[in-house]
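**Student:** Here it is: the structure, laid out below.
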Amino acid sequence: MEIIPYSRQSISDDDVAAVEMVLRSPFLTQGPVVPEFEKAVASLHHVSHAVAVCNATAALHIACLALDVGPGDNVWTVPNSFVASANCARYCGAVVNFVDIDPSSRNISVQALRTKLDFARSAGNLPKVLISVDFSGLPCDMDEIMVLAKEYDFRVISDSSHAVGAEYQGAPIGKHADVTVLSFHPVKIVTTGEGGMCLTNDAKIAGKLALLRSHGITRDPNLMGRESSGGWYYEQVSLGFNYRMPDINAALGLSQLRRLPAQFARRDTLARRYDDLLCALPLKLPKRPNDRASSHHLYVVELQDECQVSRADVFASLREHGIGVNVHYIPIHLQPHYQALGFAKGDFPASEAYYDRAITIPLFPDLTDAEQDRVCDTLAEIIK
Ligand SMILES: *Cc1c(COP(=O)(O)O)cnc(C)c1O
């Protein structure tokens, strides 16, 4: 029996050829392909600056640093995300806190955010940065979030790791937050193997991100404090990292981008098929607001009360039937590392209630209609 994974990269002959071309070229890293890839992704998202890095976790880390997050600063994110959305602030010595989700979108609840901001204002511990997460590829309520950012004076990082190519209010995501972060991990929308990117329309932030990516080193005379002593000269003007993306990886990403419109359409078709095939079952399906277009990185169903079988049993049965389901996400505040920081079960009830019922079923561009039918038939059989 062939196992259907919950997600899988799609690699074409053109992708292989593009990578081979770099392998036979003079530059495996820091060549011409990374800037070309950055330009293509920036243009896709209608933003002026893109900084490619080795993964989205690194992108989140330098995004925090570029927004001057430091020891003792408050950074907020949501429990319903991959741990990297919170860890990036911890790397900077910041104090992490969470805002609960809206059960219908599974994204940050703007109402919960406002309430928490009011409390924080009275207590004098407003966040410096909010990291919102476009869960499953569905964009957050960015207009409302940015209004609050102005009112309460915080900056916003959009962790759009799931949402490459997604649209909000008829335009691509990327222009609302101070920094928007993308992931190119193989399970995501576009892959570079490992890879990530920061998008911004702020030239100053983009400059900081570029320095942080590469040791804080510059060869730009405008950024140097001293006269150049010759062609070899460079200066380290701040403390950065080696978070660069190799050209090999960028070539894969650039080639993948060409198929993005077709893959986006296929994901959408599959999501609509799931909506139709599963609507009669005791499941809560993803919401489809008409002012935004999800990139459908994940398709998550939630077991309803009428469902007689437990989530653990449904999950185990699906796996036994060769359906590679998963669960996204164990709320971050329930992880031992965060519990040791003082968070407890019950702190963010909407995220916890969602987690208790959620199962991610397979969705990726190469999933066939027949495979999708098998997923639905098996699921129906298990929970009937
Ligand atoms: C995948 C993911 C990340 C981390 O991405 P990497 O590229 O693997 O570092 C961060 N945030 C979210 C929401 C993710 O899904």
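Letters A, B, ... go to the chains of the structure tokens in the order shown; residues in each chain start at 1; ligands are counted from 1 in the same order.
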Tell me which protein, DNA and RNA residues are within 12 Å of A:Gln335, counting only C-alpha atoms, leaving out same-chain ones fewer than 2 positions away, and put them as a list in words.
**Tutor:** Pro79, Asn80, Ser81, Phe82, Val83, Ala86, Asn87, Tyr329, Ile330, Pro331, Ile332, His333, His337, Tyr338, Gln339, Ala340, Leu341, Gly342, Phe343, Ala344 and Lys345 of chain A
**Student:** For stretch 64-69 of chain A, please output as a list in words all residues within 9 Å (counting only C-alpha atoms; exclusion window: fewer than 5 positions along the same chain).
**Tutor:**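 The contact residues come out as Ala59, Asn74, Val75, Cys88, Ala89, Cys92, Gly93, Ala94, Lys128, Val129, Arg155, Val156, Ile157, Asp178, Val179, Lys204, Ile205, Ala206, Gly207, Lys208, Leu209 and Leu212 of chain A.
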**Student:** Compile the contact shell of stretch 272-289 of chain A as JSON, numbers by chain: residues with an atom at most 10 Å away, counting only C-alpha atoms, same-chain residues fewer than 3 positions apart removed.
**Tutor:** {"A": [103, 104, 105, 106, 136, 138, 139, 266, 267, 268, 269, 292, 293, 294, 296, 298, 299, 300, 301, 302, 303, 304, 305, 306, 307, 308, 357, 358, 361, 363, 369, 372, 373, 375, 376, 377, 379, 380, 383, 384]}
**Student:** Any idea what's packed within 9 Å of stretch 122-126 of chain A, counting only C-alpha atoms, ignoring anything in its chain fewer than 4 positions away? Could you give it as a PyMOL selection string?
**Tutor:** chain A and resi 73-75+116-118+152-154
**Student:** Taking N, CA, C and O atoms for each residue, export the selection above as a PDB file, in the first residue's frame.
**Tutor:**
ATOM      1  N   ASP A  73      12.731  42.752  26.032  1.00  0.00           N
ATOM      2  CA  ASP A  73      11.608  43.255  25.231  1.00  0.00           C
ATOM      3  C   ASP A  73      10.488  42.217  25.188  1.00  0.00           C
ATOM      4  O   ASP A  73      10.741  41.014  25.274  1.00  0.00           O
ATOM      5  N   ASN A  74       9.264  42.697  25.026  1.00  0.00           N
ATOM      6  CA  ASN A  74       8.124  41.785  24.901  1.00  0.00           C
ATOM      7  C   ASN A  74       7.822  41.503  23.435  1.00  0.00           C
ATOM      8  O   ASN A  74       7.713  42.438  22.635  1.00  0.00           O
ATOM      9  N   VAL A  75       7.716  40.225  23.106  1.00  0.00           N
ATOM     10  CA  VAL A  75       7.329  39.812  21.758  1.00  0.00           C
ATOM     11  C   VAL A  75       6.156  38.853  21.895  1.00  0.00           C
ATOM     12  O   VAL A  75       6.214  37.916  22.694  1.00  0.00           O
ATOM     13  N   LYS A 116      -5.795  42.080  25.127  1.00  0.00           N
ATOM     14  CA  LYS A 116      -4.490  41.864  25.769  1.00  0.00           C
ATOM     15  C   LYS A 116      -3.650  43.153  25.721  1.00  0.00           C
ATOM     16  O   LYS A 116      -2.918  43.455  26.664  1.00  0.00           O
ATOM     17  N   LEU A 117      -3.786  43.897  24.621  1.00  0.00           N
ATOM     18  CA  LEU A 117      -3.040  45.157  24.500  1.00  0.00           C
ATOM     19  C   LEU A 117      -3.508  46.162  25.547  1.00  0.00           C
ATOM     20  O   LEU A 117      -2.696  46.880  26.144  1.00  0.00           O
ATOM     21  N   ASP A 118      -4.829  46.207  25.780  1.00  0.00           N
ATOM     22  CA  ASP A 118      -5.360  47.130  26.794  1.00  0.00           C
ATOM     23  C   ASP A 118      -4.808  46.803  28.180  1.00  0.00           C
ATOM     24  O   ASP A 118      -4.387  47.689  28.914  1.00  0.00           O
ATOM     25  N   TYR A 152      -1.024  51.138  19.362  1.00  0.00           N
ATOM     26  CA  TYR A 152      -0.284  50.688  20.548  1.00  0.00           C
ATOM     27  C   TYR A 152       1.233  50.689  20.324  1.00  0.00           C
ATOM     28  O   TYR A 152       1.981  50.205  21.158  1.00  0.00           O
ATOM     29  N   ASP A 153       1.644  51.195  19.179  1.00  0.00           N
ATOM     30  CA  ASP A 153       3.062  51.410  18.899  1.00  0.00           C
ATOM     31  C   ASP A 153       3.918  50.141  18.989  1.00  0.00           C
ATOM     32  O   ASP A 153       4.859  50.067  19.773  1.00  0.00           O
ATOM     33  N   PHE A 154       3.548  49.135  18.199  1.00  0.00           N
ATOM     34  CA  PHE A 154       4.439  47.968  18.084  1.00  0.00           C
ATOM     35  C   PHE A 154       4.667  47.684  16.601  1.00  0.00           C
ATOM     36  O   PHE A 154       3.949  48.191  15.743  1.00  0.00           O
TER      37      PHE A 154
END
**Student:** At a cut-off of 7 Å and counting only C-alpha atoms and all ligand atoms, what residues surround ligand 1? Please answer as JSON, numbers by chain.
**Tutor:** {"A": [55, 56, 57, 58, 81, 82, 84, 85, 133, 135, 159, 160, 161, 162, 183, 184, 185, 194, 195, 196]}
**Student:** Limited to all heavy atoms, could you put the picked residues into a file as a tab-separated table (two decimals), in the first residue's frame?
**Tutor:**
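part_5.tsv, written as the output of this step:
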chain	number	residue	atom	x	y	z
A	55	ASN	N	17.05	29.46	6.08
A	55	ASN	CA	15.76	28.87	6.45
A	55	ASN	C	14.88	29.96	7.07
A	55	ASN	O	15.37	31.06	7.37
A	55	ASN	CB	15.91	27.65	7.39
A	55	ASN	CG	16.68	27.98	8.65
A	55	ASN	OD1	16.26	28.82	9.43
A	55	ASN	ND2	17.82	27.34	8.84
A	56	ALA	N	13.61	29.67	7.26
A	56	ALA	CA	12.70	30.69	7.77
A	56	ALA	C	12.94	30.99	9.25
A	56	ALA	O	12.64	32.09	9.72
A	56	ALA	CB	11.24	30.25	7.57
A	57	THR	N	13.49	30.02	9.97
A	57	THR	CA	13.82	30.27	11.38
A	57	THR	C	14.88	31.37	11.47
A	57	THR	O	14.77	32.28	12.30
A	57	THR	CB	14.31	28.95	12.04
A	57	THR	OG1	13.31	27.95	11.82
A	57	THR	CG2	14.57	29.13	13.51
A	58	ALA	N	15.89	31.28	10.61
A	58	ALA	CA	16.92	32.34	10.54
A	58	ALA	C	16.29	33.66	10.12
A	58	ALA	O	16.64	34.73	10.62
A	58	ALA	CB	18.02	31.92	9.57
A	81	SER	N	1.24	27.61	16.14
A	81	SER	CA	2.27	27.75	15.11
A	81	SER	C	3.39	26.78	15.40
A	81	SER	O	3.41	26.11	16.45
A	81	SER	CB	2.81	29.18	15.07
A	81	SER	OG	3.69	29.34	13.97
A	82	PHE	N	4.33	26.73	14.47
A	82	PHE	CA	5.55	25.98	14.70
A	82	PHE	C	6.39	26.75	15.73
A	82	PHE	O	6.34	27.99	15.75
A	82	PHE	CB	6.30	25.80	13.38
A	82	PHE	CG	7.54	24.95	13.49
A	82	PHE	CD1	7.46	23.68	14.02
A	82	PHE	CD2	8.77	25.44	13.09
A	82	PHE	CE1	8.60	22.89	14.14
A	82	PHE	CE2	9.91	24.66	13.20
A	82	PHE	CZ	9.83	23.39	13.72
A	84	ALA	N	9.23	27.76	15.96
A	84	ALA	CA	10.16	28.80	15.48
A	84	ALA	C	9.57	30.21	15.60
A	84	ALA	O	10.31	31.17	15.78
A	84	ALA	CB	10.55	28.52	14.03
A	85	SER	N	8.22	30.31	15.50
A	85	SER	CA	7.57	31.63	15.58
A	85	SER	C	7.81	32.29	16.93
A	85	SER	O	7.75	33.51	17.05
A	85	SER	CB	6.05	31.51	15.37
A	85	SER	OG	5.76	30.86	14.17
A	133	VAL	N	0.82	34.88	12.40
A	133	VAL	CA	1.11	33.68	11.60
A	133	VAL	C	-0.05	33.41	10.65
A	133	VAL	O	-1.20	33.29	11.09
A	133	VAL	CB	1.34	32.45	12.52
A	133	VAL	CG1	1.61	31.20	11.69
A	133	VAL	CG2	2.49	32.71	13.50
A	135	PHE	N	-1.70	31.01	9.32
A	135	PHE	CA	-1.81	29.56	9.48
A	135	PHE	C	-2.45	28.89	8.28
A	135	PHE	O	-3.51	29.33	7.80
A	135	PHE	CB	-2.60	29.22	10.75
A	135	PHE	CG	-2.76	27.75	10.95
A	135	PHE	CD1	-1.71	26.98	11.41
A	135	PHE	CD2	-3.95	27.12	10.63
A	135	PHE	CE1	-1.85	25.60	11.55
A	135	PHE	CE2	-4.10	25.75	10.77
A	135	PHE	CZ	-3.04	24.99	11.24
A	159	ASP	N	4.70	35.97	10.05
A	159	ASP	CA	5.27	34.66	9.73
A	159	ASP	C	4.37	34.04	8.67
A	159	ASP	O	3.35	33.41	8.98
A	159	ASP	CB	5.38	33.79	10.98
A	159	ASP	CG	6.05	32.45	10.68
A	159	ASP	OD1	6.18	32.11	9.48
A	159	ASP	OD2	6.42	31.74	11.63
A	160	SER	N	4.74	34.29	7.41
A	160	SER	CA	3.96	33.80	6.28
A	160	SER	C	4.63	32.58	5.67
A	160	SER	O	4.58	32.37	4.45
A	160	SER	CB	3.77	34.91	5.26
A	160	SER	OG	3.08	36.01	5.83
A	161	SER	N	5.25	31.78	6.54
A	161	SER	CA	5.94	30.56	6.09
A	161	SER	C	5.01	29.65	5.28
A	161	SER	O	5.46	28.94	4.38
A	161	SER	CB	6.45	29.77	7.30
A	161	SER	OG	7.51	30.45	7.91
A	162	HIS	N	3.71	29.69	5.59
A	162	HIS	CA	2.74	28.84	4.89
A	162	HIS	C	2.15	29.51	3.65
A	162	HIS	O	1.40	28.88	2.93
A	162	HIS	CB	1.55	28.52	5.81
A	162	HIS	CG	1.91	27.77	7.04
A	162	HIS	ND1	0.97	27.34	7.96
A	162	HIS	CD2	3.10	27.35	7.53
A	162	HIS	CE1	1.56	26.70	8.95
A	162	HIS	NE2	2.86	26.71	8.72
A	183	SER	N	8.94	30.61	4.17
A	183	SER	CA	9.76	29.40	4.30
A	183	SER	C	9.75	28.62	2.99
A	183	SER	O	8.72	28.54	2.31
A	183	SER	CB	9.23	28.49	5.41
A	183	SER	OG	9.92	27.25	5.40
A	184	PHE	N	10.90	28.05	2.66
A	184	PHE	CA	11.01	27.21	1.46
A	184	PHE	C	11.40	25.78	1.82
A	184	PHE	O	12.11	25.11	1.07
A	184	PHE	CB	12.02	27.83	0.47
A	184	PHE	CG	11.72	29.26	0.12
A	184	PHE	CD1	12.64	30.27	0.38
A	184	PHE	CD2	10.51	29.61	-0.48
A	184	PHE	CE1	12.37	31.60	0.06
A	184	PHE	CE2	10.22	30.93	-0.80
A	184	PHE	CZ	11.15	31.93	-0.53
A	185	HIS	N	10.96	25.34	3.00
A	185	HIS	CA	11.14	23.94	3.41
A	185	HIS	C	10.35	23.05	2.43
A	185	HIS	O	9.33	23.49	1.88
A	185	HIS	CB	10.61	23.79	4.84
A	185	HIS	CG	10.80	22.42	5.40
A	185	HIS	ND1	9.92	21.39	5.15
A	185	HIS	CD2	11.78	21.90	6.19
A	185	HIS	CE1	10.36	20.30	5.76
A	185	HIS	NE2	11.47	20.59	6.40
A	194	GLU	N	16.29	23.65	1.97
A	194	GLU	CA	16.11	24.51	3.13
A	194	GLU	C	16.18	25.94	2.60
A	194	GLU	O	16.97	26.23	1.70
A	194	GLU	CB	17.22	24.32	4.16
A	194	GLU	CG	17.24	22.97	4.86
A	194	GLU	CD	16.32	22.90	6.09
A	194	GLU	OE1	15.62	23.89	6.40
A	194	GLU	OE2	16.30	21.82	6.72
A	195	GLY	N	15.40	26.83	3.17
A	195	GLY	CA	15.49	28.22	2.72
A	195	GLY	C	14.42	29.07	3.34
A	195	GLY	O	13.39	28.57	3.80
A	196	GLY	N	14.68	30.35	3.38
A	196	GLY	CA	13.70	31.30	3.90
A	196	GLY	C	13.96	32.67	3.32
A	196	GLY	O	14.97	32.87	2.62
**Student:** Which one is closest to A:Ala42: A:Leu252, A:Ile173, A:Ala63, A:Leu270? Count only C-alpha atoms.
**Tutor:**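 Answer, going by the shortest atom-to-atom distance: A:Ile173.
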**Student:** Any idea what's packed within 6 Å of A:Thr180, counting only C-alpha atoms, ignoring anything in its chain fewer than 6 positions away? Could you give it as a list of chain:residue names?
**Tutor:**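 So the residues in contact are A:Ile157, A:Ser158, A:Gly174, A:Cys198, A:Leu199.
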**Student:** Keeping only N, CA and C atoms, write the selected residues to a file as a short mmCIF file (atom, residue, chain, number, x, y, z; two decimals), in the first residue's frame.
**Tutor:**
data_model
loop_
_atom_site.label_atom_id
_atom_site.label_comp_id
_atom_site.auth_asym_id
_atom_site.auth_seq_id
_atom_site.Cartn_x
_atom_site.Cartn_y
_atom_site.Cartn_z
N ILE A 157 5.87 41.43 12.53
CA ILE A 157 6.48 40.44 11.63
C ILE A 157 5.37 39.48 11.25
N SER A 158 5.16 39.28 9.97
CA SER A 158 4.17 38.29 9.54
C SER A 158 4.92 37.00 9.23
N GLY A 174 2.42 40.53 1.96
CA GLY A 174 3.82 40.98 2.01
C GLY A 174 4.00 42.45 2.28
N CYS A 198 13.10 37.15 3.97
CA CYS A 198 12.44 38.29 4.59
C CYS A 198 12.03 39.27 3.51
N LEU A 199 10.79 39.71 3.54
CA LEU A 199 10.30 40.73 2.61
C LEU A 199 10.03 42.01 3.40
#
**Student:** Within 10 Å of A:Gly216, counting only C-alpha atoms, which residues show up once you throw out same-chain ones fewer than 3 positions away? Write them as a ChimeraX atom specification, please.
**Tutor:** /A:208-213,235-242
